[in-house]
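Heads up, model_10.cif below (mmCIF, C-alpha atoms):
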data_query
#
loop_
_atom_site.group_PDB
_atom_site.id
_atom_site.type_symbol
_atom_site.label_atom_id
_atom_site.label_comp_id
_atom_site.auth_asym_id
_atom_site.auth_seq_id
_atom_site.Cartn_x
_atom_site.Cartn_y
_atom_site.Cartn_z
ATOM 1 C CA GLY A 69 20.306 17.158 32.463
ATOM 2 C CA GLN A 70 19.132 14.615 35.022
ATOM 3 C CA SER A 71 18.176 12.191 32.225
ATOM 4 C CA ASP A 72 21.904 11.873 31.632
ATOM 5 C CA HIS A 73 22.526 11.016 35.277
ATOM 6 C CA LEU A 74 23.514 7.383 34.615
ATOM 7 C CA ARG A 75 26.047 8.461 31.993
ATOM 8 C CA THR A 76 27.332 11.149 34.377
ATOM 9 C CA ARG A 77 27.558 8.605 37.220
ATOM 10 C CA LEU A 78 29.526 6.160 35.061
ATOM 11 C CA THR A 79 31.819 8.930 33.790
ATOM 12 C CA HIS A 80 32.377 10.126 37.354
ATOM 13 C CA SER A 81 33.248 6.632 38.600
ATOM 14 C CA LEU A 82 35.758 6.231 35.766
ATOM 15 C CA GLU A 83 37.263 9.635 36.576
ATOM 16 C CA VAL A 84 37.533 8.747 40.275
ATOM 17 C CA ALA A 85 39.162 5.433 39.306
ATOM 18 C CA LYS A 86 41.696 7.217 37.073
ATOM 19 C CA VAL A 87 42.556 9.840 39.708
ATOM 20 C CA SER A 88 42.790 7.093 42.362
ATOM 21 C CA ARG A 89 45.098 4.951 40.229
ATOM 22 C CA ASP A 90 47.338 7.905 39.340
ATOM 23 C CA LEU A 91 47.642 8.913 42.998
ATOM 24 C CA ALA A 92 48.229 5.310 44.112
ATOM 25 C CA ARG A 93 51.050 4.958 41.598
ATOM 26 C CA ARG A 94 52.650 8.172 42.791
ATOM 27 C CA MET A 95 52.340 7.160 46.465
ATOM 28 C CA HIS A 96 53.396 3.521 45.868
ATOM 29 C CA LEU A 97 50.043 2.192 47.127
ATOM 30 C CA ASN A 98 47.910 -0.670 45.784
ATOM 31 C CA GLU A 99 46.585 0.627 42.427
ATOM 32 C CA ASP A 100 44.166 -2.264 41.868
ATOM 33 C CA LEU A 101 42.600 -1.847 45.313
ATOM 34 C CA CYS A 102 42.123 1.905 44.766
ATOM 35 C CA GLU A 103 40.581 1.337 41.342
ATOM 36 C CA CYS A 104 38.205 -1.354 42.630
ATOM 37 C CA ILE A 105 36.934 0.817 45.522
ATOM 38 C CA ALA A 106 36.563 3.774 43.147
ATOM 39 C CA LEU A 107 34.578 1.836 40.535
ATOM 40 C CA ALA A 108 32.213 0.410 43.160
ATOM 41 C CA HIS A 109 31.722 3.445 45.409
ATOM 42 C CA ASP A 110 28.844 4.981 43.421
ATOM 43 C CA LEU A 111 26.947 1.775 42.603
ATOM 44 C CA GLY A 112 24.401 2.549 45.312
ATOM 45 C CA HIS A 113 23.300 5.922 43.925
ATOM 46 C CA PRO A 114 19.549 6.007 43.184
ATOM 47 C CA PRO A 115 18.030 7.968 40.274
ATOM 48 C CA PHE A 116 18.498 11.767 40.263
ATOM 49 C CA GLY A 117 21.788 11.874 42.114
ATOM 50 C CA HIS A 118 22.226 13.198 45.650
ATOM 51 C CA SER A 119 18.793 14.833 45.681
ATOM 52 C CA GLY A 120 17.273 11.433 44.801
ATOM 53 C CA GLU A 121 19.198 9.913 47.696
ATOM 54 C CA ALA A 122 17.760 12.504 50.117
ATOM 55 C CA ILE A 123 14.196 11.983 48.837
ATOM 56 C CA LEU A 124 14.429 8.182 49.016
ATOM 57 C CA ASP A 125 15.795 8.462 52.556
ATOM 58 C CA THR A 126 12.949 10.817 53.584
ATOM 59 C CA TRP A 127 10.337 8.464 52.097
ATOM 60 C CA LEU A 128 11.844 5.430 53.833
ATOM 61 C CA GLN A 129 12.287 7.134 57.215
ATOM 62 C CA LYS A 130 8.506 7.533 57.438
ATOM 63 C CA ARG A 131 8.353 3.737 57.176
ATOM 64 C CA GLY A 132 11.061 2.933 59.717
ATOM 65 C CA GLU A 133 13.868 2.468 57.173
ATOM 66 C CA HIS A 134 16.601 4.718 55.773
ATOM 67 C CA PHE A 135 18.788 5.086 52.703
ATOM 68 C CA GLU A 136 22.450 6.049 52.280
ATOM 69 C CA HIS A 137 24.161 5.420 48.964
ATOM 70 C CA ASN A 138 27.480 4.168 50.383
ATOM 71 C CA GLU A 139 25.648 1.598 52.505
ATOM 72 C CA HIS A 140 23.673 0.571 49.449
ATOM 73 C CA SER A 141 26.860 0.202 47.363
ATOM 74 C CA LEU A 142 28.031 -2.277 50.001
ATOM 75 C CA ARG A 143 24.643 -4.048 49.953
ATOM 76 C CA ILE A 144 24.800 -4.431 46.171
ATOM 77 C CA VAL A 145 28.192 -6.160 46.187
ATOM 78 C CA THR A 146 27.558 -8.293 49.298
ATOM 79 C CA VAL A 147 23.885 -9.254 48.915
ATOM 80 C CA LEU A 148 22.047 -8.242 45.756
ATOM 81 C CA GLU A 149 24.566 -9.159 43.047
ATOM 82 C CA LYS A 150 25.430 -12.808 42.470
ATOM 83 C CA HIS A 151 28.721 -14.365 41.371
ATOM 84 C CA SER A 152 28.195 -17.932 42.576
ATOM 85 C CA SER A 153 25.333 -20.079 43.833
ATOM 86 C CA LEU A 154 27.521 -21.002 46.825
ATOM 87 C CA TYR A 155 27.453 -17.554 48.492
ATOM 88 C CA GLN A 156 25.843 -14.131 48.343
ATOM 89 C CA GLY A 157 27.492 -11.176 46.690
ATOM 90 C CA LEU A 158 30.575 -10.804 44.538
ATOM 91 C CA ASN A 159 33.222 -12.395 46.804
ATOM 92 C CA LEU A 160 35.277 -9.192 47.058
ATOM 93 C CA ASN A 161 38.153 -9.055 49.513
ATOM 94 C CA ARG A 162 37.920 -7.403 52.930
ATOM 95 C CA GLU A 163 39.908 -4.313 51.947
ATOM 96 C CA VAL A 164 37.513 -3.476 49.081
ATOM 97 C CA LEU A 165 34.443 -3.931 51.301
ATOM 98 C CA GLU A 166 36.050 -1.864 54.060
ATOM 99 C CA GLY A 167 36.836 0.851 51.500
ATOM 100 C CA LEU A 168 33.157 1.011 50.524
ATOM 101 C CA GLN A 169 31.958 0.876 54.116
ATOM 102 C CA LYS A 170 34.257 3.641 55.306
ATOM 103 C CA HIS A 171 33.849 5.871 52.243
ATOM 104 C CA SER A 172 31.210 8.110 53.864
ATOM 105 C CA GLN A 173 32.832 8.240 57.311
ATOM 106 C CA LEU A 174 36.305 9.586 56.610
ATOM 107 C CA GLN A 175 35.645 13.293 56.760
ATOM 108 C CA THR A 176 32.788 13.294 59.257
ATOM 109 C CA LYS A 177 34.101 10.964 61.944
ATOM 110 C CA LYS A 178 37.588 11.054 63.408
ATOM 111 C CA GLY A 179 39.598 8.436 65.252
ATOM 112 C CA LYS A 180 38.127 4.962 65.482
ATOM 113 C CA ASN A 181 36.132 5.196 62.277
ATOM 114 C CA LEU A 182 39.021 6.107 60.013
ATOM 115 C CA ALA A 183 39.587 3.650 57.177
ATOM 116 C CA HIS A 184 42.233 1.042 57.941
ATOM 117 C CA THR A 185 43.893 1.443 54.560
ATOM 118 C CA LEU A 186 45.489 4.445 52.919
ATOM 119 C CA GLU A 187 43.795 3.306 49.701
ATOM 120 C CA ALA A 188 40.300 3.843 51.148
ATOM 121 C CA GLN A 189 41.291 7.306 52.411
ATOM 122 C CA LEU A 190 42.778 8.095 49.006
ATOM 123 C CA VAL A 191 39.594 7.188 47.080
ATOM 124 C CA ASP A 192 37.523 9.434 49.323
ATOM 125 C CA HIS A 193 39.651 12.415 48.284
ATOM 126 C CA ALA A 194 39.836 11.312 44.637
ATOM 127 C CA ASP A 195 36.026 11.452 44.639
ATOM 128 C CA ALA A 196 36.051 15.086 45.838
ATOM 129 C CA ILE A 197 38.784 16.001 43.334
ATOM 130 C CA ALA A 198 36.920 14.459 40.401
ATOM 131 C CA TYR A 199 33.511 15.997 41.082
ATOM 132 C CA THR A 200 34.957 19.467 41.847
ATOM 133 C CA ALA A 201 36.911 19.507 38.573
ATOM 134 C CA HIS A 202 34.060 17.992 36.569
ATOM 135 C CA ASP A 203 31.329 20.259 37.981
ATOM 136 C CA THR A 204 33.431 23.406 37.549
ATOM 137 C CA ASP A 205 34.086 22.518 33.905
ATOM 138 C CA ASP A 206 30.406 21.645 33.336
ATOM 139 C CA GLY A 207 29.276 24.922 34.912
ATOM 140 C CA LEU A 208 31.520 26.914 32.591
ATOM 141 C CA THR A 209 30.395 24.923 29.519
ATOM 142 C CA MET A 210 26.728 25.503 30.430
ATOM 143 C CA GLU A 211 27.562 29.205 30.960
ATOM 144 C CA ILE A 212 26.127 29.128 34.475
ATOM 145 C CA LEU A 213 29.617 29.861 35.832
ATOM 146 C CA HIS A 214 31.870 32.557 34.382
ATOM 147 C CA PHE A 215 35.628 33.033 34.452
ATOM 148 C CA ALA A 216 35.254 36.642 35.660
ATOM 149 C CA GLY A 217 33.440 35.598 38.853
ATOM 150 C CA MET A 218 35.689 32.607 39.470
ATOM 151 C CA SER A 219 38.916 34.600 39.102
ATOM 152 C CA LYS A 220 38.382 35.910 42.668
ATOM 153 C CA LEU A 221 38.773 32.383 44.052
ATOM 154 C CA PRO A 222 42.442 31.438 44.687
ATOM 155 C CA LEU A 223 42.166 27.814 43.494
ATOM 156 C CA ALA A 224 40.142 28.712 40.391
ATOM 157 C CA ALA A 225 42.537 31.568 39.565
ATOM 158 C CA LYS A 226 45.559 29.216 39.794
ATOM 159 C CA ALA A 227 43.754 26.642 37.649
ATOM 160 C CA MET A 228 42.855 29.239 34.991
ATOM 161 C CA GLU A 229 46.451 30.408 34.890
ATOM 162 C CA ARG A 230 47.729 26.850 34.496
ATOM 163 C CA ALA A 231 45.076 26.001 31.883
ATOM 164 C CA ALA A 232 45.968 29.104 29.848
ATOM 165 C CA ALA A 233 49.691 28.323 29.978
ATOM 166 C CA ARG A 234 49.172 24.705 28.926
ATOM 167 C CA LYS A 235 46.247 25.477 26.587
ATOM 168 C CA THR A 236 44.037 22.911 28.359
ATOM 169 C CA ARG A 237 40.584 22.974 29.968
ATOM 170 C CA ILE A 238 40.225 24.126 33.569
ATOM 171 C CA ARG A 239 39.179 20.585 34.556
ATOM 172 C CA GLY A 240 42.661 19.192 33.870
ATOM 173 C CA ALA A 241 44.330 22.078 35.690
ATOM 174 C CA LEU A 242 42.166 21.561 38.787
ATOM 175 C CA LEU A 243 42.875 17.824 38.730
ATOM 176 C CA SER A 244 46.635 18.364 38.610
ATOM 177 C CA LEU A 245 46.688 21.100 41.299
ATOM 178 C CA LEU A 246 44.578 19.063 43.715
ATOM 179 C CA THR A 247 46.335 15.728 43.156
ATOM 180 C CA GLU A 248 49.797 17.325 43.491
ATOM 181 C CA ASP A 249 48.858 18.927 46.799
ATOM 182 C CA LEU A 250 47.225 15.753 48.141
ATOM 183 C CA ALA A 251 50.269 13.626 47.277
ATOM 184 C CA GLN A 252 52.751 16.088 48.806
ATOM 185 C CA GLU A 253 50.797 16.614 52.043
ATOM 186 C CA THR A 254 50.181 12.867 52.424
ATOM 187 C CA GLU A 255 53.887 12.090 51.951
ATOM 188 C CA ARG A 256 54.696 14.768 54.556
ATOM 189 C CA ARG A 257 52.234 13.259 57.076
ATOM 190 C CA LEU A 258 53.453 9.698 56.549
ATOM 191 C CA THR A 259 57.051 10.800 57.119
ATOM 192 C CA GLU A 260 56.216 13.021 60.095
ATOM 193 C CA GLN A 261 54.243 10.273 61.854
ATOM 194 C CA GLY A 262 56.710 7.525 60.916
ATOM 195 C CA ILE A 263 54.070 5.388 59.203
ATOM 196 C CA LYS A 264 55.693 2.139 58.061
ATOM 197 C CA THR A 265 53.108 -0.637 58.432
ATOM 198 C CA LEU A 266 49.380 -1.278 58.037
ATOM 199 C CA LYS A 267 49.160 -1.388 61.854
ATOM 200 C CA ASP A 268 50.628 2.129 61.966
ATOM 201 C CA VAL A 269 47.853 3.255 59.621
ATOM 202 C CA SER A 270 45.185 1.499 61.747
ATOM 203 C CA ASP A 271 46.539 3.018 64.964
ATOM 204 C CA SER A 272 46.575 6.565 63.579
ATOM 205 C CA THR A 273 43.801 8.776 64.979
ATOM 206 C CA GLU A 274 44.164 11.478 62.315
ATOM 207 C CA PRO A 275 43.637 11.284 58.531
ATOM 208 C CA LEU A 276 46.876 10.442 56.749
ATOM 209 C CA VAL A 277 45.728 11.111 53.188
ATOM 210 C CA GLU A 278 44.855 14.805 53.272
ATOM 211 C CA PHE A 279 45.214 18.172 51.528
ATOM 212 C CA SER A 280 47.422 20.884 53.000
ATOM 213 C CA ASP A 281 45.646 23.436 55.200
ATOM 214 C CA ALA A 282 46.037 26.097 52.505
ATOM 215 C CA MET A 283 44.538 23.853 49.816
ATOM 216 C CA LYS A 284 41.690 22.801 52.116
ATOM 217 C CA ALA A 285 40.787 26.466 52.615
ATOM 218 C CA ASP A 286 40.947 27.152 48.848
ATOM 219 C CA LEU A 287 38.931 24.021 48.026
ATOM 220 C CA ASN A 288 36.256 24.882 50.606
ATOM 221 C CA MET A 289 35.946 28.328 49.037
ATOM 222 C CA LEU A 290 35.502 26.836 45.547
ATOM 223 C CA GLU A 291 32.987 24.243 46.808
ATOM 224 C CA GLY A 292 31.006 27.025 48.517
ATOM 225 C CA TYR A 293 30.975 28.970 45.263
ATOM 226 C CA LEU A 294 29.741 25.901 43.344
ATOM 227 C CA ARG A 295 26.954 25.318 45.898
ATOM 228 C CA LYS A 296 25.725 28.876 45.540
ATOM 229 C CA GLU A 297 26.271 29.625 41.846
ATOM 230 C CA LEU A 298 25.917 26.179 40.205
ATOM 231 C CA TYR A 299 23.892 23.822 42.413
ATOM 232 C CA GLY A 300 21.629 26.691 43.480
ATOM 233 C CA HIS A 301 21.039 27.934 39.908
ATOM 234 C CA PRO A 302 17.341 27.888 38.810
ATOM 235 C CA MET A 303 18.143 25.612 35.845
ATOM 236 C CA VAL A 304 19.729 23.042 38.168
ATOM 237 C CA THR A 305 17.185 23.372 40.999
ATOM 238 C CA LYS A 306 14.228 22.926 38.605
ATOM 239 C CA THR A 307 15.695 19.694 37.251
ATOM 240 C CA ARG A 308 16.388 18.529 40.803
ATOM 241 C CA GLU A 309 12.839 19.332 41.935
ATOM 242 C CA ASP A 310 11.400 17.418 38.943
ATOM 243 C CA GLY A 311 13.470 14.388 39.933
ATOM 244 C CA GLU A 312 12.386 14.636 43.564
ATOM 245 C CA ARG A 313 8.703 14.808 42.554
ATOM 246 C CA ILE A 314 9.040 11.778 40.249
ATOM 247 C CA LEU A 315 10.839 9.672 42.861
ATOM 248 C CA THR A 316 8.338 10.398 45.659
ATOM 249 C CA ALA A 317 5.367 9.686 43.368
ATOM 250 C CA LEU A 318 7.010 6.481 42.101
ATOM 251 C CA CYS A 319 7.627 5.128 45.614
ATOM 252 C CA ASP A 320 4.023 5.929 46.594
ATOM 253 C CA GLN A 321 2.785 4.232 43.420
ATOM 254 C CA LEU A 322 4.840 1.074 44.034
ATOM 255 C CA GLU A 323 3.645 0.889 47.651
ATOM 256 C CA LYS A 324 0.032 1.121 46.509
ATOM 257 C CA SER A 325 0.366 -1.174 43.463
ATOM 258 C CA PRO A 326 3.538 -3.327 43.619
ATOM 259 C CA THR A 327 4.745 -4.637 40.250
ATOM 260 C CA ALA A 328 5.477 -8.320 39.604
ATOM 261 C CA ASP A 329 9.236 -7.590 39.519
ATOM 262 C CA LEU A 330 9.042 -5.788 42.857
ATOM 263 C CA LEU A 331 7.133 -8.649 44.505
ATOM 264 C CA LEU A 332 9.650 -11.145 43.109
ATOM 265 C CA LEU A 333 12.505 -9.107 44.620
ATOM 266 C CA GLN A 334 10.658 -8.910 47.948
ATOM 267 C CA LYS A 335 10.142 -12.668 48.047
ATOM 268 C CA LYS A 336 13.673 -13.559 46.894
ATOM 269 C CA PHE A 337 15.405 -11.553 49.642
ATOM 270 C CA GLU A 338 12.627 -11.877 52.277
ATOM 271 C CA LEU A 339 12.100 -8.119 52.585
ATOM 272 C CA THR A 340 9.346 -5.863 53.833
ATOM 273 C CA LEU A 341 7.635 -3.903 51.044
ATOM 274 C CA PRO A 342 9.476 -0.615 51.859
ATOM 275 C CA GLN A 343 12.813 -2.496 51.851
ATOM 276 C CA ALA A 344 11.972 -4.041 48.477
ATOM 277 C CA ILE A 345 10.994 -0.616 47.092
ATOM 278 C CA ARG A 346 14.342 0.731 48.343
ATOM 279 C CA ASP A 347 16.332 -1.949 46.499
ATOM 280 C CA TYR A 348 14.145 -1.798 43.397
ATOM 281 C CA VAL A 349 14.085 1.985 42.984
ATOM 282 C CA ALA A 350 17.762 2.469 43.905
ATOM 283 C CA GLY A 351 18.707 0.254 40.954
ATOM 284 C CA MET A 352 16.825 2.366 38.395
ATOM 285 C CA THR A 353 18.206 4.876 35.921
ATOM 286 C CA ASP A 354 16.577 8.318 35.717
ATOM 287 C CA ALA A 355 14.935 7.388 32.408
ATOM 288 C CA PHE A 356 13.517 4.098 33.785
ATOM 289 C CA ALA A 357 12.159 5.884 36.865
ATOM 290 C CA ARG A 358 10.369 8.414 34.635
ATOM 291 C CA LYS A 359 9.030 5.621 32.419
ATOM 292 C CA SER A 360 7.843 3.583 35.439
ATOM 293 C CA LEU A 361 5.719 6.423 36.824
ATOM 294 C CA ILE A 362 2.143 6.104 35.610
ATOM 295 C CA GLY A 363 0.360 9.366 34.760
#
Please express the file's structure as structure tokens.
Amino acid sequence: GQSDHLRTRLTHSLEVAKVSRDLARRMHLNEDLCECIALAHDLGHPPFGHSGEAILDTWLQKRGEHFEHNEHSLRIVTVLEKHSSLYQGLNLNREVLEGLQKHSQLQTKKGKNLAHTLEAQLVDHADAIAYTAHDTDDGLTMEILHFAGMSKLPLAAKAMERAAARKTRIRGALLSLLTEDLAQETERRLTEQGIKTLKDVSDSTEPLVEFSDAMKADLNMLEGYLRKELYGHPMVTKTREDGERILTALCDQLEKSPTADLLLLQKKFELTLPQAIRDYVAGMTDAFARKSLIG
């Protein structure tokens, strides 16, 4: 349920970090950099997951602001969190900050906006791999998804076959199929384009860390199935709608009657009230958001 969103978020970040590290080791990339980007990339998520992000953004847009969780992850580590009294933020290196900044741009913008490191590109795909495997497994456990319906999807069918042969859960089979394909296709692209240096990576106008065309088609089909059958299921949509209602009402409440903590945050960082509400609410867990709403 959405009350478990913080636990789910933490589990997901750890899964992304593990997938990222495994892939980095296989590709001879910087494992520590991949793990650091992976652990930080979801820090900016507000309560109630992606639906909470959309609601917070809608509320803020009416007040001349906006919200995007990757941007907020970067804000947390560069402004809001404190490591030393000498400077703002956590003093992370440029490659980690760039990895967070570029995380949302890799698949939607080509060319100039591609991440300058293979590690940042890798984490973006590790994120997709982890949530696809995790959500598929969750859907089956909750009995919203069923093996019979999923057997028509090429990627799910291959994963079920592998899981049956190895006597494992489908989650592990999906993880291995997707990571194997990503590593092989990436190695092929690096060789084909003669990528040797960081400058070569920066100069490239196409993604270098990528799935094969066949796997992309299979993954898109599975993601479409999850959107329709899992994310669109009444049990899931009701929980999402509850979260959206709570978040909107909470923001309205805080705007009307700011708490002492909110006013302290506003003063400390010299923010407008909507900006302070953004930072304050985005840092809440689902349970704290529910508890904070009066009535």
Point out the residue among A:Phe135, A:Tyr348, A:Tyr299, A:Phe215 with the least atom-to-atom distance to Ala122 (chain A), counting all atoms listed in the file.
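Among the listed residues, the smallest separation from Ala122 (chain A) belongs to A:Phe135.
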Which residues are near Ala196 (chain A)? Cut-off 12 Å, all atoms listed in the file, ignore same chain within fewer than 5 positions. Put them as a PyMOL selection string.
chain A and resi 80-81+83-84+87-88+106+171-172+175+189-191+201-203+242-243+246-247+250+278-279+284+287-288+290-291
Dump C-alpha atoms for the selected residues as a JSON list (two decimals), in the frame of the given file?
[["chain", "number", "residue", "atom", "x", "y", "z"],
["A", 80, "HIS", "CA", 32.38, 10.13, 37.35],
["A", 81, "SER", "CA", 33.25, 6.63, 38.60],
["A", 83, "GLU", "CA", 37.26, 9.64, 36.58],
["A", 84, "VAL", "CA", 37.53, 8.75, 40.28],
["A", 87, "VAL", "CA", 42.56, 9.84, 39.71],
["A", 88, "SER", "CA", 42.79, 7.09, 42.36],
["A", 106, "ALA", "CA", 36.56, 3.77, 43.15],
["A", 171, "HIS", "CA", 33.85, 5.87, 52.24],
["A", 172, "SER", "CA", 31.21, 8.11, 53.86],
["A", 175, "GLN", "CA", 35.65, 13.29, 56.76],
["A", 189, "GLN", "CA", 41.29, 7.31, 52.41],
["A", 190, "LEU", "CA", 42.78, 8.10, 49.01],
["A", 191, "VAL", "CA", 39.59, 7.19, 47.08],
["A", 201, "ALA", "CA", 36.91, 19.51, 38.57],
["A", 202, "HIS", "CA", 34.06, 17.99, 36.57],
["A", 203, "ASP", "CA", 31.33, 20.26, 37.98],
["A", 242, "LEU", "CA", 42.17, 21.56, 38.79],
["A", 243, "LEU", "CA", 42.88, 17.82, 38.73],
["A", 246, "LEU", "CA", 44.58, 19.06, 43.72],
["A", 247, "THR", "CA", 46.34, 15.73, 43.16],
["A", 250, "LEU", "CA", 47.22, 15.75, 48.14],
["A", 278, "GLU", "CA", 44.86, 14.80, 53.27],
["A", 279, "PHE", "CA", 45.21, 18.17, 51.53],
["A", 284, "LYS", "CA", 41.69, 22.80, 52.12],
["A", 287, "LEU", "CA", 38.93, 24.02, 48.03],
["A", 288, "ASN", "CA", 36.26, 24.88, 50.61],
["A", 290, "LEU", "CA", 35.50, 26.84, 45.55],
["A", 291, "GLU", "CA", 32.99, 24.24, 46.81]]
Excluding region 302-316 of chain A and any residue of its chain fewer than 6 positions from it, enumerate the residues within 9 Å of it, using only C-alpha atoms, and give them as a PDB file with C-alpha atoms, in the frame of the given file.
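Final output, saved to selection06.pdb:
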ATOM      1  CA  GLY A  69      20.306  17.158  32.463  1.00  0.00           C
ATOM      2  CA  GLN A  70      19.132  14.615  35.022  1.00  0.00           C
ATOM      3  CA  PRO A 115      18.030   7.968  40.274  1.00  0.00           C
ATOM      4  CA  PHE A 116      18.498  11.767  40.263  1.00  0.00           C
ATOM      5  CA  GLY A 117      21.788  11.874  42.114  1.00  0.00           C
ATOM      6  CA  SER A 119      18.793  14.833  45.681  1.00  0.00           C
ATOM      7  CA  GLY A 120      17.273  11.433  44.801  1.00  0.00           C
ATOM      8  CA  ALA A 122      17.760  12.504  50.117  1.00  0.00           C
ATOM      9  CA  ILE A 123      14.196  11.983  48.837  1.00  0.00           C
ATOM     10  CA  LEU A 124      14.429   8.182  49.016  1.00  0.00           C
ATOM     11  CA  TRP A 127      10.337   8.464  52.097  1.00  0.00           C
ATOM     12  CA  ILE A 212      26.127  29.128  34.475  1.00  0.00           C
ATOM     13  CA  VAL A 349      14.085   1.985  42.984  1.00  0.00           C
ATOM     14  CA  ASP A 354      16.577   8.318  35.717  1.00  0.00           C
ATOM     15  CA  ALA A 357      12.159   5.884  36.865  1.00  0.00           C
ATOM     16  CA  ARG A 358      10.369   8.414  34.635  1.00  0.00           C
ATOM     17  CA  LEU A 361       5.719   6.423  36.824  1.00  0.00           C
TER      18      LEU A 361
END
Taking the file as shown, find all residues satisfying the PyMOL selection byres ((chain A and resi 185) around 9) and write them as number ranges by chain.
A: 163, 166-167, 182-184, 186-190, 266, 269-270
Spatial neighbours of region 151-159 of chain A, 12 Å, only C-alpha atoms, chain gap at least 5 places, as a list in words:
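Selected residues are Ala108, Ser141, Leu142, Arg143, Ile144, Val145, Thr146, Val164, Leu165 and Phe337 of chain A.
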Grab the residues selected above and save them as a PDB file, in the coordinates of the input with C-alpha atoms.
ATOM      1  CA  ALA A 108      32.213   0.410  43.160  1.00  0.00           C
ATOM      2  CA  SER A 141      26.860   0.202  47.363  1.00  0.00           C
ATOM      3  CA  LEU A 142      28.031  -2.277  50.001  1.00  0.00           C
ATOM      4  CA  ARG A 143      24.643  -4.048  49.953  1.00  0.00           C
ATOM      5  CA  ILE A 144      24.800  -4.431  46.171  1.00  0.00           C
ATOM      6  CA  VAL A 145      28.192  -6.160  46.187  1.00  0.00           C
ATOM      7  CA  THR A 146      27.558  -8.293  49.298  1.00  0.00           C
ATOM      8  CA  VAL A 164      37.513  -3.476  49.081  1.00  0.00           C
ATOM      9  CA  LEU A 165      34.443  -3.931  51.301  1.00  0.00           C
ATOM     10  CA  PHE A 337      15.405 -11.553  49.642  1.00  0.00           C
TER      11      PHE A 337
END
Coordinates-based distance that separates CA of Leu111 (chain A) from CA of Lys324 (chain A) (Å, one decimal):
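Atom-to-atom, CA of Lys324 (chain A) to CA of Leu111 (chain A), that is 27.2 Å.
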Using all atoms listed in the file, the best pick from A:Arg256, A:Ser272, A:Leu322, A:Asp249 as closest to Gln343 (chain A) would be A:Leu322
Could you give me, as a PyMOL selection string, the residues within 9 Å of Leu221 (chain A), counting all atoms listed in the file and dropping anything in the same chain fewer than 6 positions from it?
chain A and resi 286+289-290+293
To one decimal place, how far is CA of Met95 (chain A) from CA of Gly240 (chain A) in Å?
19.9 Å
Option closest in space to Ala344 (chain A), from A:Asp271, A:Leu128, A:Ala317, A:Leu294 [counting all atoms listed in the file]
A:Leu128
Would you work out the distance separating CA of His134 (chain A) from CA of His109 (chain A), expressed in Å to one decimal?
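Pair CA of His134 (chain A) / CA of His109 (chain A) returns 18.4 Å.
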